Every structure is written in C-alpha cells, then in structure tokens.
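Chemist: So that you have it, the file is entry_24.cif, and it contains mmCIF, C-alpha atoms:
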data_run
loop_
_atom_site.label_atom_id
_atom_site.label_comp_id
_atom_site.auth_asym_id
_atom_site.auth_seq_id
_atom_site.Cartn_x
_atom_site.Cartn_y
_atom_site.Cartn_z
CA MET A 1 74.62 113.04 96.70
CA SER A 2 73.81 115.21 93.64
CA GLU A 3 76.25 116.09 90.87
CA GLU A 4 76.12 119.73 91.98
CA ALA A 5 77.05 118.76 95.54
CA LEU A 6 80.06 116.80 94.31
CA LEU A 7 81.39 119.76 92.34
CA LYS A 8 80.52 122.48 94.82
CA VAL A 9 83.21 122.88 97.47
CA SER A 10 82.97 125.81 99.87
CA LYS A 11 85.90 128.14 100.52
CA HIS A 12 86.26 126.69 104.02
CA ASP A 13 86.37 123.13 102.67
CA GLN A 14 88.87 124.12 99.99
CA GLU A 15 91.15 125.49 102.68
CA LYS A 16 90.77 122.24 104.65
CA VAL A 17 91.68 120.18 101.59
CA VAL A 18 94.74 122.32 100.89
CA ALA A 19 95.93 122.07 104.50
CA GLY A 20 95.16 118.34 104.61
CA LEU A 21 97.11 117.50 101.45
CA VAL A 22 100.12 119.52 102.54
CA GLU A 23 100.04 117.88 105.97
CA LYS A 24 99.64 114.33 104.62
CA SER A 25 102.45 114.81 102.10
CA HIS A 26 104.84 116.41 104.59
CA PRO A 27 108.07 114.37 104.43
CA GLY A 28 108.34 113.75 108.16
CA SER A 29 109.01 110.51 109.99
CA PRO A 30 105.45 109.08 109.63
CA TYR A 31 105.46 109.69 105.86
CA ASN A 32 108.93 108.24 105.34
CA LEU A 33 108.19 105.22 107.52
CA LEU A 34 104.98 104.39 105.66
CA LEU A 35 106.74 104.85 102.33
CA VAL A 36 109.55 102.46 103.24
CA PHE A 37 107.07 99.93 104.67
CA SER A 38 105.02 100.14 101.49
CA ALA A 39 108.09 99.70 99.28
CA ILE A 40 109.24 96.65 101.26
CA ILE A 41 105.79 95.02 101.24
CA VAL A 42 105.22 95.60 97.51
CA ALA A 43 108.73 94.49 96.53
CA CYS A 44 108.42 91.35 98.65
CA GLY A 45 105.00 90.66 97.16
CA ILE A 46 106.43 90.95 93.65
CA LEU A 47 109.41 88.71 94.46
CA MET A 48 107.02 86.18 96.03
CA ASP A 49 104.63 86.54 93.08
CA ASN A 50 101.86 87.15 95.63
CA THR A 51 99.19 89.62 94.50
CA PRO A 52 97.41 90.02 97.90
CA ILE A 53 100.68 91.11 99.50
CA ILE A 54 101.24 93.62 96.68
CA ILE A 55 97.75 95.02 97.26
CA GLY A 56 98.51 95.32 100.97
CA GLY A 57 101.56 97.42 100.20
CA MET A 58 99.55 99.64 97.87
CA LEU A 59 97.13 100.37 100.72
CA VAL A 60 99.99 101.50 102.97
CA THR A 61 101.76 103.91 100.60
CA PRO A 62 101.43 107.67 101.20
CA LEU A 63 102.76 108.48 97.71
CA LEU A 64 99.41 109.59 96.35
CA SER A 65 99.31 112.67 98.62
CA PRO A 66 102.29 114.59 97.15
CA ILE A 67 101.14 113.75 93.62
CA LEU A 68 97.72 115.26 94.30
CA ALA A 69 99.48 118.20 95.98
CA ILE A 70 101.40 118.83 92.73
CA VAL A 71 98.13 118.97 90.83
CA LEU A 72 96.60 121.23 93.47
CA GLY A 73 99.57 123.56 93.07
CA ILE A 74 99.08 123.60 89.29
CA THR A 75 95.35 124.28 89.68
CA THR A 76 95.86 127.14 92.14
CA GLY A 77 98.87 128.51 90.28
CA GLU A 78 100.94 128.33 93.46
CA VAL A 79 104.46 127.58 92.19
CA SER A 80 105.89 127.02 95.67
CA LEU A 81 103.38 124.21 96.26
CA VAL A 82 104.24 122.61 92.91
CA ASN A 83 107.99 122.77 93.55
CA ARG A 84 107.71 121.52 97.12
CA SER A 85 105.42 118.62 96.20
CA ALA A 86 107.40 117.68 93.08
CA PHE A 87 110.58 117.44 95.16
CA ILE A 88 108.85 115.20 97.73
CA THR A 89 107.42 113.03 94.94
CA MET A 90 110.77 112.59 93.21
CA ARG A 91 112.44 111.82 96.53
CA SER A 92 109.73 109.26 97.33
CA ILE A 93 110.09 107.63 93.91
CA LEU A 94 113.84 107.31 94.45
CA MET A 95 113.32 105.76 97.88
CA VAL A 96 110.93 103.12 96.51
CA VAL A 97 113.30 102.25 93.67
CA ILE A 98 116.32 101.96 95.99
CA VAL A 99 114.46 99.77 98.53
CA SER A 100 113.25 97.50 95.70
CA LEU A 101 116.69 97.36 94.13
CA ILE A 102 118.21 96.19 97.42
CA LEU A 103 115.56 93.52 97.96
CA GLY A 104 115.82 92.36 94.36
CA PHE A 105 119.58 92.05 94.74
CA LEU A 106 119.26 90.13 98.02
CA PHE A 107 116.59 87.74 96.70
CA PRO A 108 117.37 87.16 92.99
CA ASP A 109 115.49 83.84 92.86
CA GLY A 110 112.18 85.66 93.23
CA MET A 111 112.21 86.63 89.55
CA ALA A 112 112.32 83.08 88.23
CA GLN A 113 109.03 82.34 86.42
CA ASN A 114 107.39 85.39 88.01
CA ASN A 115 103.84 85.61 86.65
CA PHE A 116 103.20 89.13 87.98
CA VAL A 117 106.25 90.59 86.26
CA MET A 118 105.56 88.73 83.01
CA SER A 119 101.96 89.99 83.00
CA ILE A 120 102.77 93.71 83.06
CA GLN A 121 102.90 95.25 79.59
CA PRO A 122 102.42 98.88 78.53
CA ASN A 123 98.80 99.49 77.56
CA ILE A 124 96.64 102.57 77.00
CA LEU A 125 94.18 101.07 79.48
CA TYR A 126 96.65 102.00 82.23
CA VAL A 127 96.04 105.66 81.35
CA ILE A 128 92.26 105.20 81.45
CA VAL A 129 92.34 103.46 84.83
CA ALA A 130 94.77 106.05 86.23
CA LEU A 131 92.65 108.91 84.85
CA ILE A 132 89.51 107.63 86.55
CA SER A 133 91.42 106.72 89.72
CA GLY A 134 92.99 110.17 89.93
CA ALA A 135 89.56 111.76 89.58
CA ALA A 136 88.10 109.39 92.18
CA ALA A 137 90.93 110.07 94.62
CA THR A 138 90.42 113.81 94.27
CA PHE A 139 86.67 113.49 94.80
CA ALA A 140 87.35 111.39 97.89
CA TRP A 141 89.78 114.01 99.23
CA THR A 142 87.40 116.91 98.67
CA ASN A 143 84.17 115.26 99.83
CA GLU A 144 84.07 113.89 103.36
CA ASP A 145 81.00 111.78 102.57
CA ILE A 146 82.96 109.58 100.17
CA ASN A 147 86.51 109.72 101.56
CA SER A 148 86.03 106.17 102.84
CA ALA A 149 86.62 105.15 99.21
CA LEU A 150 90.30 106.20 99.39
CA PRO A 151 91.62 102.70 100.31
CA GLY A 152 89.88 101.25 97.25
CA VAL A 153 91.25 104.01 95.06
CA ALA A 154 94.73 103.34 96.46
CA VAL A 155 94.50 99.79 95.14
CA ALA A 156 93.32 100.95 91.72
CA ILE A 157 96.17 103.47 91.43
CA SER A 158 99.20 101.43 90.42
CA ILE A 159 102.11 103.69 91.37
CA VAL A 160 104.37 101.69 93.68
CA PRO A 161 104.35 98.28 91.88
CA PRO A 162 105.92 99.55 88.63
CA LEU A 163 108.49 101.49 90.65
CA SER A 164 109.31 98.33 92.59
CA VAL A 165 109.66 96.36 89.36
CA LEU A 166 111.89 99.16 88.06
CA GLY A 167 114.17 98.86 91.09
CA ILE A 168 114.24 95.08 90.84
CA GLY A 169 114.97 95.39 87.11
CA ILE A 170 117.92 97.70 87.81
CA GLY A 171 119.23 95.21 90.36
CA HIS A 172 119.01 92.45 87.74
CA LEU A 173 120.37 94.69 84.97
CA SER A 174 117.29 93.84 82.88
CA VAL A 175 116.85 96.54 80.22
CA GLU A 176 113.47 95.15 79.15
CA LEU A 177 112.13 95.12 82.72
CA ILE A 178 113.40 98.66 83.33
CA ARG A 179 111.87 99.96 80.10
CA THR A 180 108.49 98.29 80.60
CA SER A 181 108.05 99.28 84.25
CA PHE A 182 109.16 102.88 83.59
CA ILE A 183 106.65 103.30 80.75
CA ILE A 184 103.83 101.89 82.91
CA PHE A 185 104.77 104.21 85.76
CA ILE A 186 104.75 107.25 83.46
CA LEU A 187 101.36 106.26 82.00
CA ASN A 188 99.91 105.89 85.50
CA PHE A 189 101.51 109.09 86.80
CA LEU A 190 100.25 111.23 83.93
CA GLY A 191 96.80 109.64 84.06
CA ILE A 192 96.44 110.34 87.78
CA MET A 193 97.51 113.95 87.32
CA MET A 194 95.12 114.55 84.43
CA GLY A 195 92.16 113.02 86.29
CA SER A 196 92.94 115.02 89.42
CA LEU A 197 93.45 118.25 87.47
CA ILE A 198 90.02 117.91 85.87
CA VAL A 199 88.28 117.47 89.24
CA PHE A 200 90.20 120.25 91.02
CA SER A 201 89.38 122.58 88.13
CA LEU A 202 85.68 121.67 88.10
CA GLN A 203 85.56 122.26 91.85
CA GLN A 204 87.10 125.71 91.31
CA PHE A 205 90.18 125.15 93.45
CA TYR A 206 91.91 127.84 91.40
CA LYS A 207 90.28 130.20 93.90
CA ALA A 208 92.33 128.68 96.74
CA LYS A 209 95.69 130.18 95.71
CA ARG A 210 95.93 132.34 98.83
CA ALA A 211 95.22 129.37 101.11
CA ALA A 212 97.83 127.25 99.29
CA HIS A 213 100.46 129.97 99.60
CA LYS A 214 99.70 130.43 103.30
CA VAL A 215 99.94 126.72 104.12
CA VAL A 216 103.23 126.25 102.25
CA LEU A 217 104.67 129.35 103.91
CA GLU A 218 103.69 128.04 107.35
CA GLU A 219 105.32 124.70 106.57
CA GLN A 220 108.53 126.45 105.53
CA LYS A 221 108.56 128.57 108.70
CA GLU A 222 107.99 125.47 110.82
CA ALA A 223 110.89 123.72 109.11
CA GLU A 224 113.13 126.73 109.73
CA ARG A 225 112.16 126.83 113.41
CA ALA A 226 112.87 123.13 113.77
CA LYS A 227 116.25 123.58 112.11
CA GLU A 228 117.15 126.49 114.39
CA GLU A 229 116.16 124.51 117.49
CA LYS A 230 118.24 121.57 116.31
CA ASN A 231 121.27 123.78 115.64
CA GLY A 232 120.74 125.48 119.00
CA LYS A 233 121.12 122.16 120.79
#
Mind turning the file's structure into structure tokens?
Modeler:
Amino acid sequence: MSEEALLKVSKHDQEKVVAGLVEKSHPGSPYNLLLVFSAIIVACGILMDNTPIIIGGMLVTPLLSPILAIVLGITTGEVSLVNRSAFITMRSILMVVIVSLILGFLFPDGMAQNNFVMSIQPNILYVIVALISGAAATFAWTNEDINSALPGVAVAISIVPPLSVLGIGIGHLSVELIRTSFIIFILNFLGIMMGSLIVFSLQQFYKAKRAAHKVVLEEQKEAERAKEEKNGK
C-alpha cells in the first residue's frame, strides 16, 4: 500500500469511520461489560504479577474507541462529539479505577514484592510509544486493509494498566504509587491523542464535520427514544 493510499480517505470511508467510532464507543451494555472485564483482568494480572494476563486484559478493553472519538471531534470541530466522547472516557476511567481499587483492597498481598509495579517509572519514552501507537491505531481504524493490526496496537497502548495501578494505589493509600501511575497515564493519554490528531488531520477528516454532527445527533435521538419507551412502561 502506497503512502498516498494510506493518507487518502474517501468521503464515504470518512463517514464510515465516524459512524464506526461513535458506535464502538457507545456506552451501552457491551461496552460497559468489556470495560469491566478488562479492568478485572488487568487488575488481577497486576496483583498476580503476571504480564501475559495483563496483556490479555489490554486486548479486551474498549477504552481506545472514545479516546479516538475525542480526537475525531477535535479534528472535525464538532464540539458535541468531543463533549460526548470526553464524558464517556472520564466515566470509563473512573470505572477502571474503582474496579481496581476494590480488587486491590480485597487482595492486599498481591502488592508484596510486585515486579510489575516496581518497574513502572515515568519516562519520556512512554510519550513516544503512545504517539506512534495512537497514529497506528488511527491508521488501522481508517484503512480496512490494516485494521487487523488493532489487537497489536491495543497491547502497545498502555492505558488500562496505569489506571489499575492508580486504583490499587488508592486502595493501599500509597501516594508514590498514585503519583507515578497518574503521570504515566497522562503521558500515554496525551501521546495517543497527539498521534491520532496528526493522522486524522493528514487524512483530512476536518471535512467530515457534517457526518460527525449527524451521527452524534442520531445517537442522542436514539437515547431519547429509548428513555421515552422506558418511561412509558
């Protein structure tokens, strides 16, 4: 695939990407279930000091979708998409932290001589990895020929593990653990957003503002209809 083909995304494909990201990041039962499963798996992996289990949890998490949706909203200039996706992201972050806090409180012995926790330290390399991973994830989302790379990108993007460590740190009242994990999360989060923003901009997604507005509006109307039907019962 040529460089031009990677950067050239048709209007139809842009609309598909917008609709796909909004759909995948919709906070319905499937999203919430996967998020909780991911948080439990990653937190258990950390408490067991078992890297393969942590990686398994990273593959399950749907958290990348609303983050990319935020960036898409910024690129298109669609404020409603940014606000909607930012709310879902913050809610998801809180859920992961709470699940990890509970597990850390229930299994305090898991932090004794934990090599994984002791190995995480703030480093500018986290930003570099997150920057490249964010760009790779966006390329995979916008090009069907390479979207099979998304599972690998999910492993490279370290979003849930630092949040899990943060929750466990809160449960253990460890200021150092809280500080370190929060800094790493912020570095990863900003790196992913910057990498994604670069790719969306190069692929001219700023032209998809109308499609973004339409999809968000349809989601809002669907939510209102569901609420009315529920109240009607």
Chemist: Where does range 7-83 of chain A meet range 104-125 of chain A within 6 Å, residue by residue, with the nearest atom pair and distance in Å to one decimal for each, counting only C-alpha atoms, listed by chain and rising number, as CSV?
Modeler:
residue,atom,partner,partner_atom,distance
A:Leu47,CA,A:Gly110,CA,4.3
A:Met48,CA,A:Gly110,CA,5.9
A:Asp49,CA,A:Asn114,CA,5.9
Chemist: Could you tell me which residues the PyMOL selection byres ((chain A and resi 203) around 12) returns for this structure, as number ranges by chain?
Modeler: A: 3-11, 13-14, 17, 72, 75-76, 135, 138-139, 141-143, 196-202, 204-208
Chemist: Enter the distance from CA of Ala226 in chain A to CA of Ala86 in chain A, in Å, rounded to one decimal.
Modeler: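 Rounded to one decimal, the two atoms are 22.1 Å apart.
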Chemist: Given the file shown, determine the residues that the PyMOL selection byres ((chain A and resi 190-192) around 7) selects; report them as number ranges by chain.
Modeler: A: 127-128, 130-131, 133-134, 186-189, 193-196
Chemist: Between CA of Leu59 in chain A and CA of Lys24 in chain A, measure the distance and give it in Å to one decimal.
Modeler: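 It comes out at 14.7 Å.
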Chemist: I need the residue set behind the PyMOL selection byres ((chain A and resi 79-82) around 8) for this file; please write it as a PyMOL selection string.
Modeler: chain A and resi 69-74+77-78+83-86+212-213+216
Chemist: Taking a cut-off of 9 Å and counting all atoms listed in the file, can you build a table that, for each residue of range 54-103 of chain A near range 156-169 of chain A, reports the nearest atom pair and how far apart they are in Å (one decimal), sorted by chain then residue number, as CSV?
Modeler:
residue,atom,partner,partner_atom,distance
A:Ile54,CA,A:Pro161,CA,7.4
A:Gly57,CA,A:Val160,CA,8.3
A:Met58,CA,A:Val160,CA,6.7
A:Thr61,CA,A:Val160,CA,7.7
A:Leu63,CA,A:Ile159,CA,8.0
A:Leu64,CA,A:Ile159,CA,8.2
A:Ile93,CA,A:Leu163,CA,7.1
A:Leu94,CA,A:Leu163,CA,8.8
A:Val96,CA,A:Ser164,CA,6.4
A:Val97,CA,A:Gly167,CA,4.3
A:Ile98,CA,A:Gly167,CA,6.2
A:Val99,CA,A:Gly167,CA,7.5
A:Ser100,CA,A:Gly167,CA,4.9
A:Leu101,CA,A:Gly167,CA,4.2
A:Ile102,CA,A:Ile168,CA,7.8
A:Leu103,CA,A:Ile168,CA,7.4
Chemist: One number please: CA of Leu21 in chain A to CA of Ile88 in chain A, in Å, one decimal.
Modeler: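 The value is 12.5 Å.
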